[in-house]
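Text of the file data_12.txt, holding compact mmCIF, C-alpha atoms:
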# COMPACT_ATOMS: atom_id res chain seq x y z
CA MET N 30 -9.27 43.27 48.83
CA ARG N 31 -11.18 40.97 46.50
CA GLU N 32 -11.44 37.20 46.45
CA ILE N 33 -12.07 35.04 43.39
CA GLU N 34 -12.42 31.30 43.08
CA PHE N 35 -11.81 29.60 39.75
CA SER N 36 -12.23 25.92 38.99
CA VAL N 37 -10.56 24.18 36.06
CA GLN N 38 -12.17 20.85 35.14
CA TYR N 39 -10.08 18.21 33.36
CA GLU N 40 -11.55 15.46 31.22
CA ARG N 41 -9.93 12.06 31.58
CA GLY N 42 -6.89 11.65 29.38
CA THR N 43 -6.13 15.37 29.04
CA ASP N 44 -3.53 15.64 31.81
CA ALA N 45 -1.32 12.91 33.29
CA LEU N 46 -1.34 14.40 36.79
CA MET N 47 -5.09 14.97 36.96
CA ASP N 48 -5.65 11.43 35.67
CA VAL N 49 -4.03 10.19 38.88
CA PHE N 50 -6.85 11.86 40.85
CA TYR N 51 -9.41 10.09 38.67
CA GLU N 52 -7.68 6.77 39.34
CA TYR N 53 -7.54 7.41 43.10
CA PRO N 54 -10.69 9.35 44.11
CA SER N 55 -9.60 9.77 47.75
CA LEU N 56 -6.35 11.50 46.71
CA SER N 57 -6.19 15.26 47.32
CA CYS N 58 -3.51 17.93 47.06
CA ARG N 59 -3.72 21.35 48.72
CA SER N 60 -1.29 24.24 48.81
CA SER N 61 -0.40 25.89 52.11
CA ALA N 62 1.61 28.57 50.32
CA CYS N 63 1.57 29.70 46.70
CA TYR N 64 3.05 32.96 45.45
CA SER N 65 4.11 34.24 42.07
CA SER N 66 5.79 37.19 40.41
CA PRO N 67 5.95 37.90 36.65
CA SER N 68 9.17 35.86 36.51
CA THR N 69 8.98 33.20 39.25
CA MET N 70 6.54 31.08 41.24
CA TRP N 71 7.11 29.24 44.50
CA ARG N 72 4.71 27.05 46.44
CA ILE N 73 4.31 24.27 49.00
CA ASP N 74 1.85 21.45 48.29
CA HIS N 75 0.55 18.77 50.64
CA VAL N 76 -0.86 15.61 49.10
CA HIS N 77 -2.77 12.95 51.04
CA GLY N 78 -4.10 9.63 49.78
CA PRO N 79 -3.63 5.86 49.62
CA GLU N 80 -0.06 4.58 49.29
CA ALA N 81 -0.47 3.59 45.64
CA GLY N 82 -2.02 6.96 44.83
CA ILE N 83 0.81 8.84 46.56
CA GLU N 84 3.41 6.91 44.59
CA ALA N 85 1.59 7.52 41.30
CA PHE N 86 1.20 11.22 42.09
CA THR N 87 4.87 11.60 43.01
CA ASP N 88 6.08 9.89 39.84
CA VAL N 89 4.13 12.31 37.66
CA PHE N 90 4.44 15.47 39.74
CA LEU N 91 8.24 15.29 40.05
CA ASP N 92 8.80 14.54 36.37
CA GLU N 93 10.80 17.55 35.17
CA GLU N 94 9.99 16.77 31.54
CA ARG N 95 6.38 17.86 31.97
CA CYS N 96 4.50 20.85 33.38
CA ASN N 97 2.00 20.58 36.24
CA GLU N 98 0.52 24.04 35.63
CA CYS N 99 0.17 24.78 31.89
CA LEU N 100 -3.40 25.33 30.73
CA ASP N 101 -2.76 25.69 27.02
CA GLN N 102 -0.29 22.82 26.50
CA PRO N 103 0.93 19.79 28.47
CA GLY N 104 4.48 21.17 28.72
CA CYS N 105 6.51 24.38 28.60
CA ASP N 106 10.11 25.56 28.67
CA SER N 107 10.08 27.15 32.12
CA ARG N 108 12.74 25.91 34.51
CA ARG N 109 11.50 24.16 37.64
CA GLU N 110 12.87 22.35 40.64
CA TYR N 111 11.17 20.26 43.31
CA HIS N 112 12.11 19.36 46.87
CA VAL N 113 10.26 16.74 48.92
CA LEU N 114 10.12 18.26 52.39
CA ASP N 115 8.26 15.48 54.15
CA ARG N 116 7.07 11.99 53.27
CA THR N 117 4.98 9.26 54.82
CA PRO N 118 3.41 6.26 53.08
CA THR N 119 0.15 8.23 52.66
CA SER N 120 1.39 11.81 52.25
CA ARG N 121 4.00 14.09 50.73
CA THR N 122 4.91 17.75 51.26
CA ILE N 123 6.61 19.22 48.19
CA TYR N 124 8.25 22.59 47.57
CA THR N 125 8.23 23.84 43.97
CA TYR N 126 10.27 26.70 42.52
CA ARG N 127 9.66 27.81 38.94
CA GLN N 128 11.54 30.34 36.83
CA GLU N 129 10.59 32.04 33.57
CA VAL N 130 6.88 31.55 34.28
CA HIS N 131 5.98 33.84 31.37
CA ARG N 132 6.65 30.75 29.25
CA CYS N 133 4.12 28.75 31.24
CA HIS N 134 0.56 29.91 30.73
CA SER N 135 -0.74 28.87 34.13
CA LEU N 136 -3.63 30.38 36.04
CA PRO N 137 -1.28 32.52 38.22
CA TYR N 138 0.34 33.84 35.03
CA PHE N 139 -3.00 35.07 33.68
CA VAL N 140 -4.09 36.51 37.05
CA LEU N 141 -0.87 38.48 37.54
CA ASP N 142 -1.04 39.77 33.99
CA HIS N 143 -4.56 41.04 34.72
CA VAL N 144 -4.35 42.45 38.26
CA GLY N 145 -0.61 42.95 38.88
CA GLU N 146 1.49 41.86 41.83
CA GLY N 147 0.40 41.48 45.44
CA VAL N 148 -1.71 38.37 44.77
CA VAL N 149 -1.99 35.40 47.14
CA PHE N 150 -3.02 32.03 45.72
CA GLU N 151 -4.50 28.93 47.30
CA SER N 152 -5.17 25.74 45.36
CA CYS N 153 -6.65 22.27 45.66
CA ARG N 154 -6.55 19.31 43.27
CA ALA N 155 -9.07 16.47 43.61
CA ASP N 156 -11.50 14.44 41.49
CA GLY N 157 -10.32 15.84 38.14
CA GLU N 158 -10.72 19.42 39.36
CA TYR N 159 -8.04 22.05 39.98
CA ARG N 160 -9.59 24.74 42.18
CA TRP N 161 -7.94 28.11 42.81
CA LYS N 162 -8.78 30.73 45.42
CA ILE N 163 -7.22 34.12 44.70
CA LEU N 164 -6.84 37.14 46.97
CA TYR N 165 -5.79 40.41 45.37
CA PRO N 166 -5.75 44.13 46.16
CA GLY N 167 -7.88 46.36 43.97
CA GLU N 168 -11.26 46.30 42.30
CA GLN N 169 -10.43 45.00 38.82
CA ALA N 170 -13.31 43.29 37.04
CA VAL N 171 -12.80 39.61 36.34
CA GLY N 172 -14.86 39.23 33.15
CA GLU N 173 -11.91 39.92 30.88
CA LEU N 174 -9.67 37.67 32.99
CA PHE N 175 -12.18 34.82 32.76
CA ASP N 176 -12.43 35.22 28.98
CA THR N 177 -8.65 35.28 28.59
CA ILE N 178 -8.14 32.10 30.62
CA GLU N 179 -11.02 30.30 28.91
CA THR N 180 -9.72 31.24 25.44
CA ASN N 181 -6.33 29.73 26.23
CA LEU N 182 -7.54 26.40 27.60
CA ARG N 183 -6.47 23.36 25.62
CA ASP N 184 -9.05 20.79 24.53
CA GLY N 185 -10.55 18.80 27.40
CA LEU N 186 -10.33 21.61 29.97
CA SER N 187 -13.18 23.88 31.07
CA LEU N 188 -13.37 26.85 33.44
CA GLU N 189 -15.89 27.94 36.05
CA LEU N 190 -16.03 31.08 38.21
CA SER N 191 -17.20 29.84 41.60
CA HIS N 192 -17.43 33.17 43.38
CA LEU N 193 -16.31 36.79 43.46
CA ARG N 194 -16.60 38.64 46.77
CA GLN N 195 -14.88 40.85 49.28
CA SER N 196 -12.16 38.95 51.12
CA GLY N 197 -13.19 37.00 54.20
CA LYS N 198 -11.53 34.46 56.48
CA TRP N 199 -8.51 33.34 54.51
CA ASP N 200 -6.96 29.88 54.63
CA ALA N 201 -8.87 28.61 57.69
CA ASP N 202 -10.35 25.63 55.86
CA VAL N 203 -6.96 24.64 54.45
CA ARG N 204 -5.29 24.72 57.86
CA THR N 205 -8.03 22.44 59.18
CA ALA N 206 -7.71 20.00 56.27
CA PHE N 207 -3.96 19.64 56.82
CA GLN N 208 -4.56 18.37 60.35
CA LEU N 209 -6.71 15.46 59.19
CA SER N 210 -5.00 12.17 58.38
CA HIS N 211 -5.78 10.51 55.06
CA GLU N 212 -7.96 7.95 56.84
CA GLN N 213 -9.88 10.67 58.72
CA TRP N 214 -10.33 12.71 55.53
CA GLU N 215 -11.51 9.70 53.51
CA THR N 216 -13.98 8.61 56.18
CA LEU N 217 -15.33 12.11 56.79
CA THR N 218 -15.83 12.93 53.10
CA HIS N 219 -17.50 9.58 52.49
CA ALA N 220 -19.82 10.21 55.44
CA VAL N 221 -20.78 13.63 54.06
CA ASP N 222 -21.38 12.25 50.56
CA ALA N 223 -23.46 9.37 51.91
CA GLY N 224 -25.72 11.66 53.94
CA TYR N 225 -24.48 10.80 57.44
CA TYR N 226 -24.70 14.45 58.48
CA THR N 227 -28.12 15.19 57.01
CA ARG N 228 -31.19 15.30 59.22
CA PRO N 229 -32.59 12.72 59.35
CA ARG N 230 -29.47 10.66 58.66
CA GLU N 231 -29.49 8.74 55.41
CA VAL N 232 -26.86 6.20 56.44
CA THR N 233 -25.62 4.57 59.65
CA VAL N 234 -22.08 4.06 60.91
CA ALA N 235 -22.47 0.35 60.23
CA GLU N 236 -23.38 1.09 56.60
CA LEU N 237 -20.42 3.44 56.27
CA ALA N 238 -18.18 0.71 57.66
CA ALA N 239 -19.51 -1.76 55.10
CA ASP N 240 -18.94 0.74 52.27
CA LEU N 241 -15.38 1.44 53.42
CA ASP N 242 -14.68 -2.20 54.29
CA VAL N 243 -13.33 -1.36 57.76
CA PRO N 244 -14.64 -2.24 61.25
CA ARG N 245 -17.53 -0.20 62.62
CA SER N 246 -15.45 0.82 65.65
CA THR N 247 -12.73 2.18 63.35
CA VAL N 248 -15.20 4.32 61.41
CA GLN N 249 -16.71 5.62 64.65
CA TYR N 250 -13.25 6.52 65.99
CA ARG N 251 -12.18 8.24 62.75
CA LEU N 252 -15.38 10.28 62.62
CA ARG N 253 -15.14 11.38 66.23
CA SER N 254 -11.47 12.32 66.00
CA ALA N 255 -12.05 14.20 62.70
CA GLU N 256 -15.06 16.00 64.18
CA ASP N 257 -12.96 17.04 67.19
CA ILE N 258 -10.39 18.64 64.85
CA VAL N 259 -12.95 20.34 62.61
CA VAL N 260 -15.04 21.76 65.45
CA SER N 261 -12.01 22.91 67.46
CA GLU N 262 -10.51 24.67 64.43
CA PHE N 263 -13.87 26.22 63.52
CA VAL N 264 -14.21 27.75 66.98
CA ARG N 265 -10.56 28.86 67.04
CA ASN N 266 -10.77 30.48 63.59
CA THR N 267 -14.04 32.32 64.23
CA LEU N 268 -13.13 33.93 67.53

Once more with this new file: its structure as structure tokens, please.
Amino acid sequence: MREIEFSVQYERGTDALMDVFYEYPSLSCRSSACYSSPSTMWRIDHVHGPEAGIEAFTDVFLDEERCNECLDQPGCDSRREYHVLDRTPTSRTIYTYRQEVHRCHSLPYFVLDHVGEGVVFESCRADGEYRWKILYPGEQAVGELFDTIETNLRDGLSLELSHLRQSGKWDADVRTAFQLSHEQWETLTHAVDAGYYTRPREVTVAELAADLDVPRSTVQYRLRSAEDIVVSEFVRNTL
């Protein structure tokens, strides 16, 4: 088994859905299941973020007049249906079923055309980036696949190959992320970005609280509860 990770970067104004992530930097969307055949694709996505960001995401994502996957054009003629499986003010879980995916030149379409069936996909959208992790049987080289995808990108999109390796622990990080609330995720990622976990620390809890405009005790609680989840899942998934 081989594992590839591709990242598609979107400039502002090139995709209505990805623009929502630019507008709401703490918004993130991860798939817990994503599978495709040459004719159909089905997936479950979990999106977390502020209430306004969730509403903006939902309005665009569920619009059946546009395509959330096409790399070469903003829309396609493939048939699609969406079902909201779960909703809270700061999250949604959405099931997507797509037919006639040969009409939609998405990343799964190009991967299947290159390596054949038996592929498992994992994806994450955040900060203007659509990242894909791909697990597939076989030893096919990815140079031609990369060139094919890159050639078919519309203006404003760019492609990076993050890694190519033998398959390792699959999906453990995604399962952990799903257990974090939006507030825990936002606080934890801000702490990482600000240098809270470097040695020596570059920022204090009080400074994080000021940045996030929430009480110090709230930041401390969110960090501790998030750390409990991350550490527990790390130990569980590495045994």

One-decimal distance in Å that lies between atom CA of N:Ser210 and atom CA of N:Glu151: 20.1 Å

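Each of N:Glu212, N:Glu98, N:Asp74, N:Glu236 was checked against N:Cys133 using all atoms listed in the file; the smallest atom-to-atom distance is that of N:Glu98.
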
Spatial neighbours of N:Thr177, max dist 12 Å, all atoms listed in the file, sep filter under 3 positions, as a list in words: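 Counting only the stated atoms, we get Leu100, Asp101, His134, Ser135, Leu136, Tyr138, Phe139, Val140, Asp142, His143, Val171, Gly172, Glu173, Leu174, Thr180, Asn181, Leu182 and Leu188 of chain N.
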
Local residues around (-8.6, 6.4, 45.0), at most 10 Å away, using only C-alpha atoms, as a count of residues only: 17

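Remark: for N:Lys162, the closest of the candidate residues N:Cys105, N:Ile33, N:Val234, N:Val76 is N:Ile33 (distances computed over only C-alpha atoms).
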
Coordinates-based distance that separates atom CA of N:Tyr159 from atom CA of N:Arg59 (Å, one decimal):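 These two atoms are separated by 9.8 Å.
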
Proximity to N:Ser66 - best of N:Glu256, N:Glu231, N:Glu158, N:Glu146, all atoms listed in the file: N:Glu146
